[in-house]
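A.B. asks: Compact mmCIF, C-alpha atoms, saved as final09.txt, coming up:
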# COMPACT_ATOMS: atom_id res chain seq x y z
CA MET A 18 -19.59 11.13 -4.09
CA SER A 19 -21.58 7.95 -4.28
CA LYS A 20 -21.49 4.53 -2.63
CA HIS A 21 -21.24 1.30 -4.60
CA THR A 22 -21.11 -2.39 -3.78
CA LEU A 23 -19.26 -5.14 -5.63
CA ASN A 24 -20.14 -8.76 -4.91
CA VAL A 25 -17.26 -11.14 -5.69
CA LYS A 26 -18.25 -13.86 -3.24
CA GLY A 27 -17.09 -17.27 -4.40
CA GLN A 28 -14.41 -15.80 -6.67
CA LEU A 29 -10.77 -16.60 -5.99
CA CYS A 30 -7.87 -14.17 -6.25
CA PRO A 31 -6.85 -12.50 -8.42
CA ILE A 32 -10.39 -12.25 -9.78
CA PRO A 33 -11.68 -10.15 -6.83
CA VAL A 34 -8.77 -7.77 -7.44
CA ILE A 35 -9.45 -7.62 -11.19
CA ARG A 36 -13.16 -6.96 -10.64
CA THR A 37 -12.35 -4.29 -8.03
CA GLN A 38 -9.88 -2.69 -10.43
CA ASN A 39 -12.38 -2.68 -13.30
CA GLN A 40 -15.17 -1.28 -11.12
CA ALA A 41 -12.89 1.41 -9.68
CA LYS A 42 -12.14 2.66 -13.21
CA LYS A 43 -15.82 3.52 -13.60
CA LEU A 44 -16.03 5.50 -10.37
CA ALA A 45 -15.10 9.08 -9.52
CA PRO A 46 -12.53 10.23 -6.96
CA GLY A 47 -14.09 10.21 -3.49
CA ASP A 48 -16.64 7.51 -4.35
CA THR A 49 -16.86 4.60 -1.93
CA LEU A 50 -16.72 0.98 -3.03
CA GLU A 51 -17.67 -1.87 -0.71
CA VAL A 52 -16.29 -5.21 -1.89
CA LEU A 53 -17.91 -8.40 -0.60
CA CYS A 54 -15.68 -11.45 -0.97
CA THR A 55 -14.95 -14.89 0.45
CA ASP A 56 -11.36 -15.59 -0.62
CA PRO A 57 -9.05 -14.98 2.37
CA GLY A 58 -6.37 -13.87 -0.09
CA ALA A 59 -8.43 -10.74 -0.79
CA ILE A 60 -7.66 -9.44 2.72
CA ASN A 61 -4.09 -8.81 1.59
CA ASP A 62 -4.50 -8.43 -2.16
CA ILE A 63 -7.19 -5.74 -2.37
CA PRO A 64 -5.48 -3.42 0.16
CA ALA A 65 -2.15 -3.98 -1.65
CA TRP A 66 -3.79 -3.10 -4.94
CA CYS A 67 -5.29 0.03 -3.32
CA ARG A 68 -1.95 1.14 -1.90
CA ILE A 69 -0.11 0.94 -5.21
CA ASN A 70 -2.91 2.54 -7.20
CA GLY A 71 -3.67 5.47 -4.93
CA HIS A 72 -6.95 4.35 -3.36
CA THR A 73 -7.65 4.25 0.38
CA VAL A 74 -8.92 1.30 2.38
CA VAL A 75 -11.46 2.66 4.86
CA SER A 76 -12.17 -0.65 6.58
CA SER A 77 -11.58 -4.36 6.25
CA GLU A 78 -13.82 -6.70 8.23
CA THR A 79 -14.27 -10.43 8.46
CA LYS A 80 -17.82 -11.52 9.23
CA GLU A 81 -19.98 -14.63 9.41
CA ASP A 82 -17.34 -16.75 11.17
CA GLY A 83 -14.74 -15.88 8.59
CA ASN A 84 -16.95 -16.71 5.63
CA LEU A 85 -17.46 -13.13 4.48
CA ILE A 86 -14.88 -10.40 4.02
CA VAL A 87 -16.01 -6.82 3.51
CA ILE A 88 -13.42 -4.32 2.31
CA THR A 89 -14.47 -0.71 1.90
CA LEU A 90 -12.32 1.67 -0.08
CA THR A 91 -12.40 5.24 -1.27
CA ILE A 92 -11.40 5.94 -4.85
CA GLY A 93 -8.33 8.14 -5.19
CA GLU A 94 -7.49 10.85 -7.70
CA MET B 13 18.04 11.51 -21.20
CA SER B 14 16.01 13.59 -23.62
CA LYS B 15 12.70 12.99 -21.89
CA GLN B 16 11.26 10.87 -19.12
CA ALA B 17 10.24 7.82 -21.04
CA LYS B 18 7.30 5.69 -19.95
CA ALA B 19 7.56 1.92 -19.99
CA VAL B 20 5.15 -0.87 -19.23
CA ALA B 21 6.74 -3.88 -17.55
CA LEU B 22 5.51 -7.47 -17.58
CA ILE B 23 5.39 -8.39 -13.90
CA SER B 24 5.15 -12.05 -13.04
CA GLY B 25 5.87 -11.69 -9.36
CA GLY B 26 9.26 -13.39 -9.71
CA LEU B 27 12.73 -12.00 -9.29
CA ASP B 28 13.73 -11.32 -12.90
CA SER B 29 10.97 -8.87 -13.76
CA MET B 30 11.53 -7.21 -10.38
CA LEU B 31 15.21 -6.66 -11.20
CA ALA B 32 14.48 -5.51 -14.74
CA VAL B 33 12.12 -2.82 -13.49
CA ARG B 34 14.53 -1.70 -10.81
CA ALA B 35 17.31 -1.38 -13.38
CA MET B 36 15.15 0.84 -15.56
CA GLN B 37 14.00 2.91 -12.58
CA ASP B 38 17.68 3.66 -12.00
CA GLN B 39 17.68 5.18 -15.47
CA GLY B 40 14.80 7.48 -14.61
CA VAL B 41 12.12 5.68 -16.59
CA HIS B 42 8.51 5.96 -15.40
CA ILE B 43 7.22 2.41 -15.15
CA GLU B 44 3.86 0.80 -14.65
CA GLY B 45 3.42 -2.94 -14.37
CA ILE B 46 1.08 -5.29 -16.18
CA ASN B 47 0.18 -8.80 -15.10
CA PHE B 48 -1.96 -11.24 -17.06
CA PHE B 49 -4.35 -13.73 -15.52
CA THR B 50 -4.72 -16.71 -17.84
CA GLY B 51 -6.62 -19.00 -15.49
CA PHE B 52 -3.58 -21.25 -15.19
CA CYS B 53 -1.58 -19.06 -12.84
CA VAL B 54 -0.49 -20.94 -9.75
CA GLU B 55 -0.63 -17.64 -7.90
CA GLY B 56 -3.40 -17.38 -5.39
CA HIS B 57 -5.99 -19.95 -6.27
CA THR B 58 -4.57 -23.11 -4.80
CA HIS B 59 -3.58 -21.27 -1.67
CA ALA B 60 -7.06 -19.92 -1.34
CA ILE B 61 -8.67 -23.30 -1.86
CA ARG B 62 -6.64 -25.48 0.44
CA LYS B 63 -7.30 -25.08 4.12
CA ASN B 64 -3.82 -26.32 5.01
CA ASP B 65 -2.36 -23.46 3.02
CA GLN B 66 -4.49 -20.90 4.78
CA LYS B 67 -2.05 -20.81 7.66
CA LYS B 68 0.58 -19.43 5.31
CA GLN B 69 0.51 -15.75 4.61
CA LYS B 70 -1.30 -15.24 1.35
CA ARG B 71 -0.24 -12.60 -1.06
CA ASN B 72 -0.28 -12.03 -4.76
CA ASN B 73 3.41 -11.83 -5.64
CA ALA B 74 2.88 -9.52 -8.61
CA LEU B 75 1.10 -7.01 -6.37
CA TRP B 76 3.76 -7.43 -3.73
CA VAL B 77 6.56 -6.83 -6.23
CA ALA B 78 4.81 -3.74 -7.59
CA GLU B 79 4.50 -2.37 -4.09
CA GLN B 80 8.18 -3.00 -3.35
CA LEU B 81 9.08 -1.17 -6.55
CA GLY B 82 6.59 1.65 -5.99
CA ILE B 83 4.85 1.17 -9.31
CA LYS B 84 1.22 0.80 -10.35
CA LEU B 85 0.12 -2.66 -11.43
CA HIS B 86 -2.65 -3.42 -13.90
CA ILE B 87 -3.97 -6.98 -13.71
CA ILE B 88 -5.59 -8.04 -16.95
CA ASP B 89 -8.03 -10.91 -17.34
CA VAL B 90 -7.05 -12.77 -20.54
CA ILE B 91 -8.85 -16.03 -19.74
CA ASP B 92 -10.91 -16.11 -22.94
CA GLU B 93 -8.23 -14.84 -25.31
CA TYR B 94 -5.71 -17.27 -23.85
CA LYS B 95 -7.72 -20.26 -25.05
CA ASP B 96 -6.39 -19.89 -28.57
CA VAL B 97 -2.81 -19.71 -27.27
CA LEU B 98 -3.20 -22.96 -25.40
CA ILE B 99 -5.34 -24.83 -27.88
CA ASN B 100 -3.48 -23.85 -31.05
CA PRO B 101 0.11 -23.01 -30.14
CA LYS B 102 1.99 -22.11 -33.31
CA HIS B 103 5.25 -23.26 -31.75
CA GLY B 104 3.93 -26.28 -29.87
CA TYR B 105 4.17 -27.30 -26.25
CA GLY B 106 7.06 -27.73 -23.86
CA ALA B 107 7.55 -30.78 -21.66
CA ASN B 108 3.87 -30.69 -20.71
CA LEU B 109 1.03 -28.53 -22.02
CA ASN B 110 3.02 -25.34 -21.56
CA PRO B 111 2.97 -23.26 -24.75
CA CYS B 112 5.72 -21.01 -23.39
CA LEU B 113 6.85 -19.39 -26.63
CA ASP B 114 3.34 -18.60 -27.84
CA CYS B 115 2.43 -17.49 -24.32
CA LYS B 116 5.28 -15.01 -24.10
CA THR B 117 4.53 -13.72 -27.59
CA PHE B 118 0.87 -13.31 -26.65
CA MET B 119 1.68 -11.42 -23.46
CA VAL B 120 4.16 -9.07 -25.09
CA GLY B 121 1.59 -8.50 -27.84
CA LYS B 122 -1.04 -7.63 -25.23
CA ALA B 123 1.44 -5.29 -23.57
CA MET B 124 1.90 -3.59 -26.97
CA GLU B 125 -1.86 -3.02 -27.14
CA TRP B 126 -1.79 -1.55 -23.63
CA LEU B 127 1.19 0.62 -24.55
CA LYS B 128 -0.66 2.13 -27.52
CA GLU B 129 -3.86 2.69 -25.57
CA ASN B 130 -2.00 4.43 -22.75
CA ASP B 131 0.59 6.32 -24.79
CA PHE B 132 3.63 4.63 -23.27
CA ASP B 133 6.98 4.37 -25.02
CA PHE B 134 8.35 0.87 -24.62
CA ILE B 135 8.02 -2.53 -22.96
CA ILE B 136 10.24 -4.16 -20.34
CA THR B 137 10.53 -7.86 -19.57
CA GLY B 138 12.78 -9.79 -17.21
CA GLU B 139 13.85 -12.25 -19.90
CA VAL B 140 17.42 -13.52 -20.00
CA VAL B 141 19.05 -15.14 -23.03
CA GLY B 142 19.44 -18.86 -22.42
CA GLN B 143 17.48 -18.85 -19.19
CA ARG B 144 14.72 -21.19 -20.31
CA PRO B 145 14.76 -23.93 -22.90
CA MET B 146 11.74 -22.85 -24.90
CA SER B 147 10.93 -19.18 -24.61
CA GLN B 148 14.26 -17.69 -23.55
CA ARG B 149 16.78 -18.73 -26.19
CA ARG B 150 18.28 -16.18 -28.53
CA ASP B 151 16.35 -17.51 -31.51
CA THR B 152 13.01 -17.77 -29.71
CA MET B 153 13.42 -14.37 -28.08
CA ASN B 154 13.76 -12.99 -31.60
CA ILE B 155 10.48 -14.70 -32.48
CA VAL B 156 8.79 -13.04 -29.49
CA THR B 157 10.19 -9.66 -30.59
CA ARG B 158 8.91 -10.15 -34.14
CA ASP B 159 5.59 -11.96 -33.68
CA SER B 160 4.36 -9.85 -30.77
CA GLY B 161 4.66 -6.75 -32.92
CA ALA B 162 6.81 -5.09 -30.27
CA GLY B 163 9.96 -5.08 -32.41
CA GLU B 164 12.48 -2.53 -31.26
CA LEU B 165 10.21 -1.33 -28.46
CA LEU B 166 10.93 -4.47 -26.45
CA VAL B 167 13.72 -3.97 -23.90
CA ARG B 168 15.22 -6.77 -21.81
CA PRO B 169 17.38 -4.92 -19.31
CA LEU B 170 18.94 -8.02 -17.73
CA CYS B 171 20.51 -9.12 -21.01
CA GLY B 172 20.21 -5.98 -23.12
CA LYS B 173 23.94 -5.79 -23.76
CA ASN B 174 23.74 -9.16 -25.51
CA LEU B 175 20.97 -8.07 -27.86
CA PRO B 176 20.68 -5.60 -30.75
CA ALA B 177 20.09 -1.97 -29.78
CA THR B 178 16.47 -0.97 -29.30
CA LYS B 179 14.71 2.28 -30.09
CA PRO B 180 14.82 3.53 -26.45
CA GLU B 181 18.61 3.18 -26.58
CA ARG B 182 18.94 4.93 -29.93
CA GLU B 183 16.66 7.75 -28.83
CA GLY B 184 18.70 8.22 -25.66
CA TRP B 185 15.79 7.41 -23.35
CA ILE B 186 17.94 4.71 -21.71
CA LYS B 187 21.66 3.92 -21.72
CA ARG B 188 22.89 0.60 -23.04
CA ASP B 189 25.90 0.52 -20.75
CA LYS B 190 23.64 0.59 -17.72
CA MET B 191 21.90 -2.60 -18.75
CA PHE B 192 23.26 -6.09 -18.06
CA ASP B 193 24.68 -9.00 -20.00
CA PHE B 194 23.21 -11.95 -18.10
CA ASN B 195 23.26 -15.17 -20.05
CA GLY B 196 22.36 -18.79 -19.43
CA ARG B 197 20.60 -20.76 -16.73
CA SER B 198 22.68 -19.68 -13.75
CA ARG B 199 20.76 -17.62 -11.22
CA LYS B 200 23.88 -16.25 -9.56
CA PRO B 201 23.92 -12.91 -11.43
CA GLN B 202 20.30 -12.30 -10.48
CA MET B 203 20.97 -13.20 -6.86
CA ALA B 204 23.94 -10.84 -6.77
CA LEU B 205 21.94 -8.03 -8.34
CA ALA B 206 19.10 -8.61 -5.90
CA GLU B 207 21.56 -8.24 -3.06
CA ALA B 208 23.01 -5.09 -4.59
CA TYR B 209 19.52 -3.61 -4.83
CA GLY B 210 18.77 -4.61 -1.24
CA PHE B 211 16.06 -7.11 -2.17
CA ASP B 212 16.31 -9.61 0.64
CA GLU B 213 12.93 -11.17 -0.05
CA TYR B 214 11.48 -12.31 -3.36
CA ALA B 215 9.37 -15.14 -4.74
CA GLN B 216 11.10 -18.35 -5.82
CA PRO B 217 12.80 -17.53 -9.10
CA ALA B 218 12.84 -19.41 -12.40
CA GLY B 219 9.46 -20.81 -13.24
CA GLY B 220 6.79 -22.68 -11.38
CA CYS B 221 4.16 -20.02 -11.92
CA CYS B 222 1.96 -21.86 -14.40
CA PHE B 223 -0.09 -25.03 -13.92
CA LEU B 224 0.54 -25.95 -17.55
CA THR B 225 4.15 -26.80 -16.71
CA ASP B 226 2.89 -29.37 -14.21
CA GLU B 227 2.75 -32.95 -15.49
CA SER B 228 -0.15 -34.01 -13.30
CA TYR B 229 -2.24 -30.99 -14.23
CA SER B 230 -1.49 -31.45 -17.92
CA LYS B 231 -2.63 -35.08 -17.80
CA LYS B 232 -5.96 -33.98 -16.38
CA LEU B 233 -6.39 -31.41 -19.12
CA VAL B 234 -5.52 -33.98 -21.81
CA ASP B 235 -8.10 -36.31 -20.25
CA LEU B 236 -10.70 -33.53 -20.39
CA TRP B 237 -10.00 -32.93 -24.08
CA GLN B 238 -10.06 -36.63 -24.91
CA VAL B 239 -13.42 -37.13 -23.25
CA GLN B 240 -14.88 -34.02 -24.91
CA GLY B 241 -13.49 -35.12 -28.25
CA HIS B 242 -12.04 -31.68 -28.90
CA LYS B 243 -9.68 -29.17 -27.34
CA ASP B 244 -11.67 -26.57 -25.47
CA TYR B 245 -12.37 -25.58 -21.90
CA GLU B 246 -14.39 -23.29 -19.69
CA PHE B 247 -12.94 -21.41 -16.76
CA ASP B 248 -14.70 -23.72 -14.30
CA ASP B 249 -13.05 -26.71 -15.98
CA VAL B 250 -9.54 -25.41 -15.44
CA MET B 251 -10.37 -24.44 -11.88
CA LEU B 252 -11.67 -27.90 -11.03
CA LEU B 253 -8.56 -29.52 -12.48
CA LYS B 254 -6.63 -27.77 -9.71
CA VAL B 255 -8.52 -29.42 -6.86
CA GLY B 256 -9.09 -32.93 -5.57
CA ARG B 257 -8.15 -36.40 -6.73
CA HIS B 258 -9.41 -37.05 -10.25
CA ILE B 259 -10.45 -40.65 -10.79
CA ARG B 260 -11.85 -42.11 -13.99
CA PRO B 261 -13.17 -45.61 -13.25
CA ARG B 262 -15.15 -45.76 -16.50
CA PRO B 263 -14.63 -43.93 -19.79
CA HIS B 264 -17.91 -42.03 -19.51
CA PHE B 265 -17.48 -40.53 -16.05
CA LYS B 266 -14.89 -39.35 -13.57
CA LEU B 267 -14.99 -38.48 -9.91
CA ILE B 268 -13.41 -35.48 -8.22
CA VAL B 269 -12.69 -36.34 -4.60
CA GLY B 270 -11.98 -33.50 -2.18
CA ARG B 271 -8.69 -34.00 -0.32
CA GLU B 272 -9.37 -31.79 2.65
CA GLU B 273 -11.84 -29.37 4.14
CA GLY B 274 -10.82 -26.38 2.05
CA GLU B 275 -11.23 -28.29 -1.21
CA ASN B 276 -14.55 -29.74 -0.07
CA ARG B 277 -15.79 -26.23 0.67
CA PHE B 278 -14.64 -24.99 -2.72
CA MET B 279 -16.32 -27.92 -4.47
CA GLU B 280 -19.59 -27.14 -2.68
CA GLY B 281 -19.96 -24.33 -5.19
CA TYR B 282 -20.30 -26.89 -8.00
CA LYS B 283 -23.15 -28.91 -6.49
CA LYS B 284 -25.70 -27.45 -8.89
CA ARG B 285 -23.59 -28.21 -11.92
CA PHE B 286 -22.56 -31.78 -11.06
CA PRO B 287 -24.26 -34.66 -9.26
CA TYR B 288 -22.35 -35.45 -6.10
CA LEU B 289 -21.85 -38.10 -3.44
CA TYR B 290 -21.30 -37.86 0.27
CA CYS B 291 -21.05 -40.51 2.95
CA LYS B 292 -23.94 -40.30 5.39
CA SER B 293 -22.79 -43.00 7.80
CA HIS B 294 -19.16 -41.92 8.23
CA PRO B 295 -17.16 -38.69 7.82
CA GLY B 296 -15.78 -38.38 4.32
CA PRO B 297 -15.09 -36.08 1.39
CA LEU B 298 -17.40 -34.43 -1.07
CA VAL B 299 -17.22 -36.24 -4.42
CA LEU B 300 -18.36 -34.59 -7.64
CA VAL B 301 -19.49 -36.84 -10.49
CA ASP B 302 -18.52 -35.54 -13.92
CA GLY B 303 -20.08 -37.61 -16.67
CA GLU B 304 -23.22 -38.45 -18.57
CA GLN B 305 -25.67 -41.31 -18.75
CA LEU B 306 -24.57 -43.03 -15.58
CA GLY B 307 -26.43 -46.27 -14.93
CA ASP B 308 -27.22 -47.79 -11.56
CA ALA B 309 -24.05 -49.90 -11.63
CA ASP B 310 -21.97 -46.79 -12.34
CA ILE B 311 -23.53 -44.90 -9.43
CA GLU B 312 -22.96 -47.84 -7.11
CA LEU B 313 -19.32 -48.04 -8.17
CA ALA B 314 -18.95 -44.29 -7.65
CA ALA B 315 -20.48 -44.62 -4.17
CA ARG B 316 -18.11 -47.46 -3.28
CA ILE B 317 -15.16 -45.33 -4.38
CA ALA B 318 -16.44 -42.30 -2.47
CA ALA B 319 -16.71 -44.36 0.73
CA ARG B 320 -13.16 -45.60 0.31
CA PHE B 321 -11.78 -42.06 0.66
CA GLY B 322 -13.42 -41.40 4.01
CA GLN B 323 -13.52 -43.03 7.41
CA ALA B 324 -15.72 -45.76 5.99
CA LYS B 325 -12.67 -47.13 4.18
CA SER B 326 -12.30 -50.12 6.51
CA ALA B 327 -15.98 -50.54 7.30
CA ALA B 328 -17.92 -53.53 6.00
CA GLU B 329 -20.76 -51.28 4.97
CA ALA B 330 -21.47 -47.59 4.52
CA VAL B 331 -24.38 -45.41 3.49
CA VAL B 332 -23.52 -43.01 0.68
CA HIS B 333 -26.00 -40.52 -0.76
CA TYR B 334 -26.07 -39.71 -4.46
CA VAL B 335 -27.51 -36.26 -5.10
CA ASP B 336 -28.57 -35.28 -8.60
CA THR B 337 -28.35 -31.71 -9.89
CA ASP B 338 -32.09 -31.26 -9.27
CA GLY B 339 -31.54 -32.08 -5.59
CA THR B 340 -32.99 -35.60 -5.74
CA GLU B 341 -31.16 -37.61 -3.11
CA THR B 342 -30.74 -41.39 -3.28
CA PRO B 343 -29.29 -43.35 -0.34
CA LEU B 344 -27.12 -46.33 -1.24
CA THR B 345 -25.90 -48.95 1.19
CA ILE B 346 -22.63 -50.22 -0.21
CA ALA B 347 -19.35 -51.92 0.66
CA PRO B 348 -16.44 -49.46 0.35
CA LEU B 349 -14.14 -50.47 -2.49
CA ASN B 350 -11.00 -52.19 -1.27
CA SER B 351 -7.51 -51.64 -2.60
CA ASP B 352 -7.46 -54.79 -4.72
CA ASP B 353 -10.47 -53.60 -6.66
CA PHE B 354 -9.11 -50.08 -7.20
CA PRO B 355 -6.54 -50.02 -10.03
CA GLN B 356 -4.03 -47.18 -9.84
CA GLU B 357 -4.70 -46.53 -13.53
CA TRP B 358 -8.01 -45.00 -12.54
CA TYR B 359 -6.14 -41.98 -11.21
CA ILE B 360 -5.86 -39.34 -13.91
Just give me the structure as structure tokens.
C.D. replies:
Amino acid sequence: MSKHTLNVKGQLCPIPVIRTQNQAKKLAPGDTLEVLCTDPGAINDIPAWCRINGHTVVSSETKEDGNLIVITLTIGE
Amino acid sequence: MSKQAKAVALISGGLDSMLAVRAMQDQGVHIEGINFFTGFCVEGHTHAIRKNDQKKQKRNNALWVAEQLGIKLHIIDVIDEYKDVLINPKHGYGANLNPCLDCKTFMVGKAMEWLKENDFDFIITGEVVGQRPMSQRRDTMNIVTRDSGAGELLVRPLCGKNLPATKPEREGWIKRDKMFDFNGRSRKPQMALAEAYGFDEYAQPAGGCCFLTDESYSKKLVDLWQVQGHKDYEFDDVMLLKVGRHIRPRPHFKLIVGREEGENRFMEGYKKRFPYLYCKSHPGPLVLVDGEQLGDADIELAARIAARFGQAKSAAEAVVHYVDTDGTETPLTIAPLNSDDFPQEWYI
């Protein structure tokens, strides 16, 4: 199980979701993916994408006065 | 049913595709959704950009619909491939720059590719005969069926009883009598079906999901093509057409004026690509300058326009800074342009 980071800062939804989806395809079950983004829409969209595709959101944090969103997920089976 | 068939459904986030999937789920079909991002989808971007919209709950309707239906959703980036659909539509445009028939054909064709790659059996759409003037007439729906390559693998559950039998019906994977016979522009049958299924919340039905159907947006895209001298675009171009006031005071340059804080912040990301203006003496918007070979008189005019859109509007004098892409900053003391000197025709 390995940890990975995806930087989609400055990208607007659905691009952060698409990039997360494409990165997740390359990872193995149990791997962790940390997604760094700035679009507030990602707070809802990435967890929704995880729920319907069998991945688990470990944490979702807003940092830097709301200018950075960090969503960490674990890849499902 | 002889086997559990697998279908891929085009999910827009609207009501019709939601109902079509639900109808097929009732027939025991395994369904996964597919959603295409062309770059022109209204979904998401504008909400993310505008600060005023940030108070509203943001969600991607296609993802939300998939979750309500309990299906997987695959979002596919088709930005580059879509250029040819928009630039060279075989069947032309609708009221604005919306190439709806070619667009639908393209998307069903892409779904066919996905179907083959993933060993699925057929495709579902939420189309209804007569629902839309360009892409959902009986004759044009036949064109989509033929030109997409989907042929008899394309199932439209909401109006399937009005259409020729498809392979999934003949094979017994689905039953024709459990499909519907919706027809025409009325939304009442869809509303009634939504109620029957217990869907008490859904995105606004019937269109409005594509910037290309918007007259104002289309004018800006036509302007872009005219200035370039050819039909083409980059992703950043189509993004910038969604934000700000677009003003062309001279043929060789235009200004993009942020309308509020969220747009200004979004436009900040383009400061290295475009020269920009900001008012130093008074609060005001960020203004990107899109053009080439601007002379001193052009820059002064641009500064006067920039000042007019901020709190310097009524001031006798304002200080506006012009910043080139290399970071060189030039202060200009100017008189904000008054209304009499600002023709409405400058708005694109």
A.B. asks: Hey, could you make a per-residue contact list for chain A against chain B with 12 Å as the cut-off, showing the nearest pair of atoms and its distance in Å to one decimal, counting all atoms listed in the file, sorted by chain and number, as a Markdown table?
C.D. replies:
| residue | atom | partner | partner_atom | distance |
| --- | --- | --- | --- | --- |
| A:Lys26 | CA | B:Gly281 | CA | 10.8 |
| A:Gly27 | CA | B:Gly281 | CA | 7.7 |
| A:Gln28 | CA | B:His57 | CA | 9.4 |
| A:Leu29 | CA | B:His57 | CA | 5.8 |
| A:Cys30 | CA | B:Gly56 | CA | 5.6 |
| A:Pro31 | CA | B:Gly56 | CA | 6.7 |
| A:Ile32 | CA | B:Asp89 | CA | 8.0 |
| A:Pro33 | CA | B:Ile87 | CA | 10.8 |
| A:Val34 | CA | B:Ile87 | CA | 7.9 |
| A:Ile35 | CA | B:Ile87 | CA | 6.1 |
| A:Arg36 | CA | B:Asp89 | CA | 9.3 |
| A:Thr37 | CA | B:Ile87 | CA | 10.5 |
| A:Gln38 | CA | B:Ile87 | CA | 8.0 |
| A:Asn39 | CA | B:Ile88 | CA | 9.4 |
| A:Lys42 | CA | B:His86 | CA | 11.3 |
| A:Thr55 | CA | B:Ala60 | CA | 9.5 |
| A:Asp56 | CA | B:Ala60 | CA | 6.1 |
| A:Pro57 | CA | B:Ala60 | CA | 6.5 |
| A:Gly58 | CA | B:Lys70 | CA | 5.4 |
| A:Ala59 | CA | B:Arg71 | CA | 8.4 |
| A:Ile60 | CA | B:Lys70 | CA | 8.7 |
| A:Asn61 | CA | B:Arg71 | CA | 6.0 |
| A:Asp62 | CA | B:Arg71 | CA | 6.1 |
| A:Ile63 | CA | B:Leu75 | CA | 9.3 |
| A:Pro64 | CA | B:Leu75 | CA | 9.9 |
| A:Ala65 | CA | B:Leu75 | CA | 6.5 |
| A:Trp66 | CA | B:Leu75 | CA | 6.4 |
| A:Cys67 | CA | B:Lys84 | CA | 9.6 |
| A:Arg68 | CA | B:Glu79 | CA | 7.7 |
| A:Ile69 | CA | B:Lys84 | CA | 5.3 |
| A:Asn70 | CA | B:Lys84 | CA | 5.5 |
| A:Gly71 | CA | B:Lys84 | CA | 8.7 |
| A:His72 | CA | B:Lys84 | CA | 11.3 |
| A:Asn84 | CA | B:Arg277 | CA | 10.8 |
A.B. asks: Quote the spacing between atom CA of Ala215 of chain B and atom CA of Gly26 of chain B in Å to one decimal place.
C.D. replies: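 Atom CA of Gly26 of chain B lies 5.3 Å from atom CA of Ala215 of chain B.
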A.B. asks: Which of these, A:Ser76, A:Gln40, A:Asn24, A:Ser19, has the shortest distance to Thr89 of chain A once you count only C-alpha atoms?
C.D. replies: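 Residue with the minimum atom-to-atom distance to Thr89 of chain A: A:Ser76.
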A.B. asks: For Val75 of chain A, which of A:Cys54, A:Glu94, A:Thr49, A:Lys43 is the closest residue, counting only C-alpha atoms?
C.D. replies: A:Thr49
A.B. asks: Grab the atom CA of Glu207 of chain B to atom CA of Leu170 of chain B distance for me, in Å with one decimal place.
C.D. replies: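 Taking atom CA of Glu207 of chain B as the start and atom CA of Leu170 of chain B as the end point, the length is 14.9 Å.
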A.B. asks: What does the distance between atom CA of Asn276 of chain B and atom CA of Leu298 of chain B come to in Å, to one decimal place?
C.D. replies: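 A separation of 5.6 Å between them.
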A.B. asks: Within 6 Å of Ile88 of chain A, counting only C-alpha atoms, which residues qualify if same-chain residues fewer than 2 places away don't, as JSON, numbers by chain?
C.D. replies: {"A": [51, 52, 76, 77]}
A.B. asks: Name all residues at most 8 Å from Val77 of chain B (count all atoms listed in the file; drop same-chain ones fewer than 5 positions away) and give them as a count of residues only.
C.D. replies: 5
A.B. asks: I'd like the neighbourhood of segment 350-357 of chain B as a PDB file with C-alpha atoms, in the coordinates of the input, where a residue qualifies if any of its atoms comes within 10 Å (using only C-alpha atoms), though same-chain residues fewer than 5 positions away should be ignored.
C.D. replies:
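What landed in result-v1.pdb:
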ATOM      1  CA  ILE B 259     -10.450 -40.650 -10.790  1.00  0.00           C
ATOM      2  CA  ARG B 260     -11.850 -42.110 -13.990  1.00  0.00           C
ATOM      3  CA  PRO B 261     -13.170 -45.610 -13.250  1.00  0.00           C
ATOM      4  CA  ARG B 316     -18.110 -47.460  -3.280  1.00  0.00           C
ATOM      5  CA  ILE B 317     -15.160 -45.330  -4.380  1.00  0.00           C
ATOM      6  CA  ALA B 319     -16.710 -44.360   0.730  1.00  0.00           C
ATOM      7  CA  ARG B 320     -13.160 -45.600   0.310  1.00  0.00           C
ATOM      8  CA  LYS B 325     -12.670 -47.130   4.180  1.00  0.00           C
ATOM      9  CA  SER B 326     -12.300 -50.120   6.510  1.00  0.00           C
TER      10      SER B 326
END
A.B. asks: So that I can check the surroundings of Ser228 of chain B, please list as a list of chain:residue names every protein, DNA and RNA residue that reaches within 12 Å of it, counting only C-alpha atoms and ignoring chain neighbours fewer than 5 positions away.
C.D. replies: B:Ala107, B:Asn108, B:Leu109, B:Phe223, B:Leu233, B:Val234, B:Asp235, B:Leu253, B:Lys254, B:Val255, B:Gly256, B:Arg257, B:His258, B:Tyr359, B:Ile360
A.B. asks: Could you take the residues named above and write them with C-alpha atoms, as a tab-separated table (two decimals), in the frame of the given file?
C.D. replies:
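Output file again01.tsv is given in full below:
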chain	number	residue	atom	x	y	z
B	107	ALA	CA	7.55	-30.78	-21.66
B	108	ASN	CA	3.87	-30.69	-20.71
B	109	LEU	CA	1.03	-28.53	-22.02
B	223	PHE	CA	-0.09	-25.03	-13.92
B	233	LEU	CA	-6.39	-31.41	-19.12
B	234	VAL	CA	-5.52	-33.98	-21.81
B	235	ASP	CA	-8.10	-36.31	-20.25
B	253	LEU	CA	-8.56	-29.52	-12.48
B	254	LYS	CA	-6.63	-27.77	-9.71
B	255	VAL	CA	-8.52	-29.42	-6.86
B	256	GLY	CA	-9.09	-32.93	-5.57
B	257	ARG	CA	-8.15	-36.40	-6.73
B	258	HIS	CA	-9.41	-37.05	-10.25
B	359	TYR	CA	-6.14	-41.98	-11.21
B	360	ILE	CA	-5.86	-39.34	-13.91
